[in-house]
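Notes follow the structure.
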Amino acid sequence: MDLLSRLLHRDGLMLVIDKPAGVPVHRGPKGGPSLEDAFDQLRFGLPRAPALAHRLDKDTSGCLVLGRHRKALDRLGKLFKGGRIGKTYLAVVEGAPAEEAGEIDLALGRLDAARGWWMRPDPLGLPSRTGWRVRGRTPDSTLALIEFTPHTGRTHQIRVHAQAMGWPILGDPVYGHGRREDSPPLHLHARSIVIPMQESKPPVRVEAPAPAHMLAAMAACGWAEHALAQELQNGAEAATLTD
């Protein structure tokens, strides 16, 4: 896997790559290829490969942050745990909210320990909050493009919250209708991330272009053609390769 072509940001402390959909970030219990297998490509002269600072689901695309050494990983870990990193996602959902924006405040817990990381709304679970706003809709409101901003970092948070509101994410095989043979891939993309890595410097802001498998549905929701082209152009121009 060529990760160099998917590099969005590079400095002396961290990297941000555009994770492809359909590839797990690390090797699971059943084995198989993962992004970590290719991290050696991203050493850029350092003695060790970078390491994951957080996770994205296998089927989610977009901004993935890597720490380049232990000190950087410690700093990133504290920022993520403290909720100081701004994360924005784009998703195409089935159905459409009646309002244009809002916030979901719904605690989440494990669905069943035997089924791994599947989650469900649970009043006794961990507090979970997700902001959202509509970015577009199809004329018949069968699909909507929504920008999600998670304020907490629970497993599958956006996917469970969207389902609970009555608009599951298109192609979601766990919480939506993505188990059908003709279902599209999951339409969830980690669009941007804002990282206050150094107190004396402005936050690092990175955007990942929308993945190819989401463009048609985004356009159906009214995402203008010029905006689609600009998405791809911005992604190509976003790489910063200075240490």
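Every chain in the structure tokens has a letter given in the order shown (A, B, ...), and although residue numbers restart at 1 in each chain, ligands are simply numbered from 1 in the order shown.
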
With a distance cut-off of 7 Å and only C-alpha atoms, select the neighbouring residues of stretch 95-109 of chain A, excluding the residue or stretch itself and same-chain residues fewer than 6 positions from it, and output the selection as a PyMOL selection string. chain A and resi 119-123+125-134+141-144+161+167

I need the residues from that last selection saved to file as a compact mmCIF listing (two decimals), in the first residue's frame (with N, CA and C atoms), if you can.
```
# COMPACT_ATOMS: atom_id res chain seq x y z
N MET A 119 -22.10 -1.16 19.70
CA MET A 119 -22.59 -0.29 20.76
C MET A 119 -24.10 -0.07 20.63
N ARG A 120 -24.69 0.48 21.69
CA ARG A 120 -26.12 0.81 21.67
C ARG A 120 -26.37 1.96 22.65
N PRO A 121 -27.47 2.69 22.45
CA PRO A 121 -27.85 3.70 23.45
C PRO A 121 -28.11 3.01 24.79
N ASP A 122 -27.58 3.58 25.86
CA ASP A 122 -27.70 2.98 27.18
C ASP A 122 -27.66 4.09 28.22
N PRO A 123 -28.77 4.34 28.92
CA PRO A 123 -28.79 5.42 29.92
C PRO A 123 -27.75 5.24 31.01
N GLY A 125 -24.74 4.00 30.30
CA GLY A 125 -23.46 3.97 29.60
C GLY A 125 -22.66 5.24 29.77
N LEU A 126 -21.65 5.40 28.94
CA LEU A 126 -20.79 6.57 29.01
C LEU A 126 -21.42 7.77 28.30
N PRO A 127 -21.30 8.97 28.88
CA PRO A 127 -21.85 10.16 28.22
C PRO A 127 -21.27 10.32 26.82
N SER A 128 -22.13 10.68 25.87
CA SER A 128 -21.71 10.80 24.47
C SER A 128 -22.49 11.94 23.82
N ARG A 129 -21.75 12.89 23.21
CA ARG A 129 -22.39 14.04 22.59
C ARG A 129 -21.84 14.24 21.19
N THR A 130 -22.74 14.51 20.25
CA THR A 130 -22.36 14.74 18.86
C THR A 130 -23.16 15.92 18.31
N GLY A 131 -22.46 16.95 17.85
CA GLY A 131 -23.13 18.04 17.15
C GLY A 131 -23.31 17.68 15.69
N TRP A 132 -24.32 18.26 15.04
CA TRP A 132 -24.55 17.99 13.62
C TRP A 132 -25.22 19.18 12.93
N ARG A 133 -24.99 19.25 11.64
CA ARG A 133 -25.72 20.22 10.81
C ARG A 133 -25.85 19.68 9.40
N VAL A 134 -26.97 19.96 8.79
CA VAL A 134 -27.25 19.47 7.44
C VAL A 134 -26.48 20.31 6.42
N SER A 141 -35.76 14.04 0.08
CA SER A 141 -35.29 13.83 1.46
C SER A 141 -35.05 12.35 1.80
N THR A 142 -34.75 11.54 0.78
CA THR A 142 -34.39 10.15 1.08
C THR A 142 -32.94 10.04 1.55
N LEU A 143 -32.12 11.04 1.20
CA LEU A 143 -30.73 11.09 1.66
C LEU A 143 -30.42 12.50 2.13
N ALA A 144 -29.48 12.61 3.06
CA ALA A 144 -29.01 13.91 3.51
C ALA A 144 -27.51 13.83 3.75
N HIS A 161 -25.34 7.17 17.07
CA HIS A 161 -26.17 8.35 17.25
C HIS A 161 -27.04 8.61 16.02
N TRP A 167 -31.85 8.27 11.20
CA TRP A 167 -31.20 8.43 9.90
C TRP A 167 -29.84 7.73 9.92
```

Env of stretch 136-140 of chain A: 6 Å cut, atoms = only C-alpha atoms, seq-sep filter 4 positions within chain, self excluded. Answer as a list in words.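 Counting only the stated atoms, we get Ala144, Leu145, Ala220, Cys221 and Gly222 of chain A.
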
What does the file look like for those residues with N, CA, C and O atoms, as a compact mmCIF listing (two decimals), in the first residue's frame?
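For reference, selection.txt as written:
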```txt
# COMPACT_ATOMS: atom_id res chain seq x y z
N ALA A 144 -29.48 12.61 3.06
CA ALA A 144 -29.01 13.91 3.51
C ALA A 144 -27.51 13.83 3.75
O ALA A 144 -26.98 12.79 4.15
N LEU A 145 -26.83 14.94 3.47
CA LEU A 145 -25.40 15.07 3.77
C LEU A 145 -25.28 15.84 5.07
O LEU A 145 -25.75 16.97 5.17
N ALA A 220 -25.89 14.15 -5.16
CA ALA A 220 -27.34 14.00 -5.14
C ALA A 220 -27.97 14.83 -4.03
O ALA A 220 -29.13 15.23 -4.12
N CYS A 221 -27.18 15.08 -2.98
CA CYS A 221 -27.66 15.90 -1.86
C CYS A 221 -27.46 17.39 -2.10
O CYS A 221 -27.69 18.20 -1.19
N GLY A 222 -26.98 17.75 -3.30
CA GLY A 222 -26.83 19.16 -3.63
C GLY A 222 -25.45 19.71 -3.48
O GLY A 222 -25.23 20.92 -3.58
```

With distances taken over only C-alpha atoms, which residue among A:Trp223, A:Phe44, A:Tyr89, A:Tyr175 lies nearest A:Leu111? A:Tyr175

Return the single residue from A:Asp57, A:Asp2, A:Asp74, A:Asp11 that is closest to A:Pro24, with distances computed using only C-alpha atoms.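 Going through A:Asp57, A:Asp2, A:Asp74, A:Asp11 one by one, the smallest distance to A:Pro24 is for A:Asp57.
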
Nearest residue to A:Gly22 out of A:Glu94, A:Asp40, A:Asp172, A:Asp59, using only C-alpha atoms?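 Nearest candidate to A:Gly22 out of A:Glu94, A:Asp40, A:Asp172, A:Asp59: A:Asp59.
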
Selected residue, from A:Ala208, A:Met1, A:Val194, A:Leu215, that lies nearest to A:Arg84 when counting only C-alpha atoms: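 Looking only at the distances to A:Arg84, the closest residue turns out to be A:Val194.
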
Long-range neighbours of stretch 51-55 of chain A as JSON, numbers by chain, 6 Å cut-off, only C-alpha atoms, 5 positions minimum in chain: {"A": [65, 66, 67]}

One decimal, in Å: what's the spacing between atom CA of A:Pro184 and atom CA of A:Thr60? 12.8 Å

Residue nearest A:Lys78 - candidates A:Leu186, A:Leu35, A:Ala21, A:Met197, atoms counted: only C-alpha atoms: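 Answer, going by the shortest atom-to-atom distance: A:Met197.
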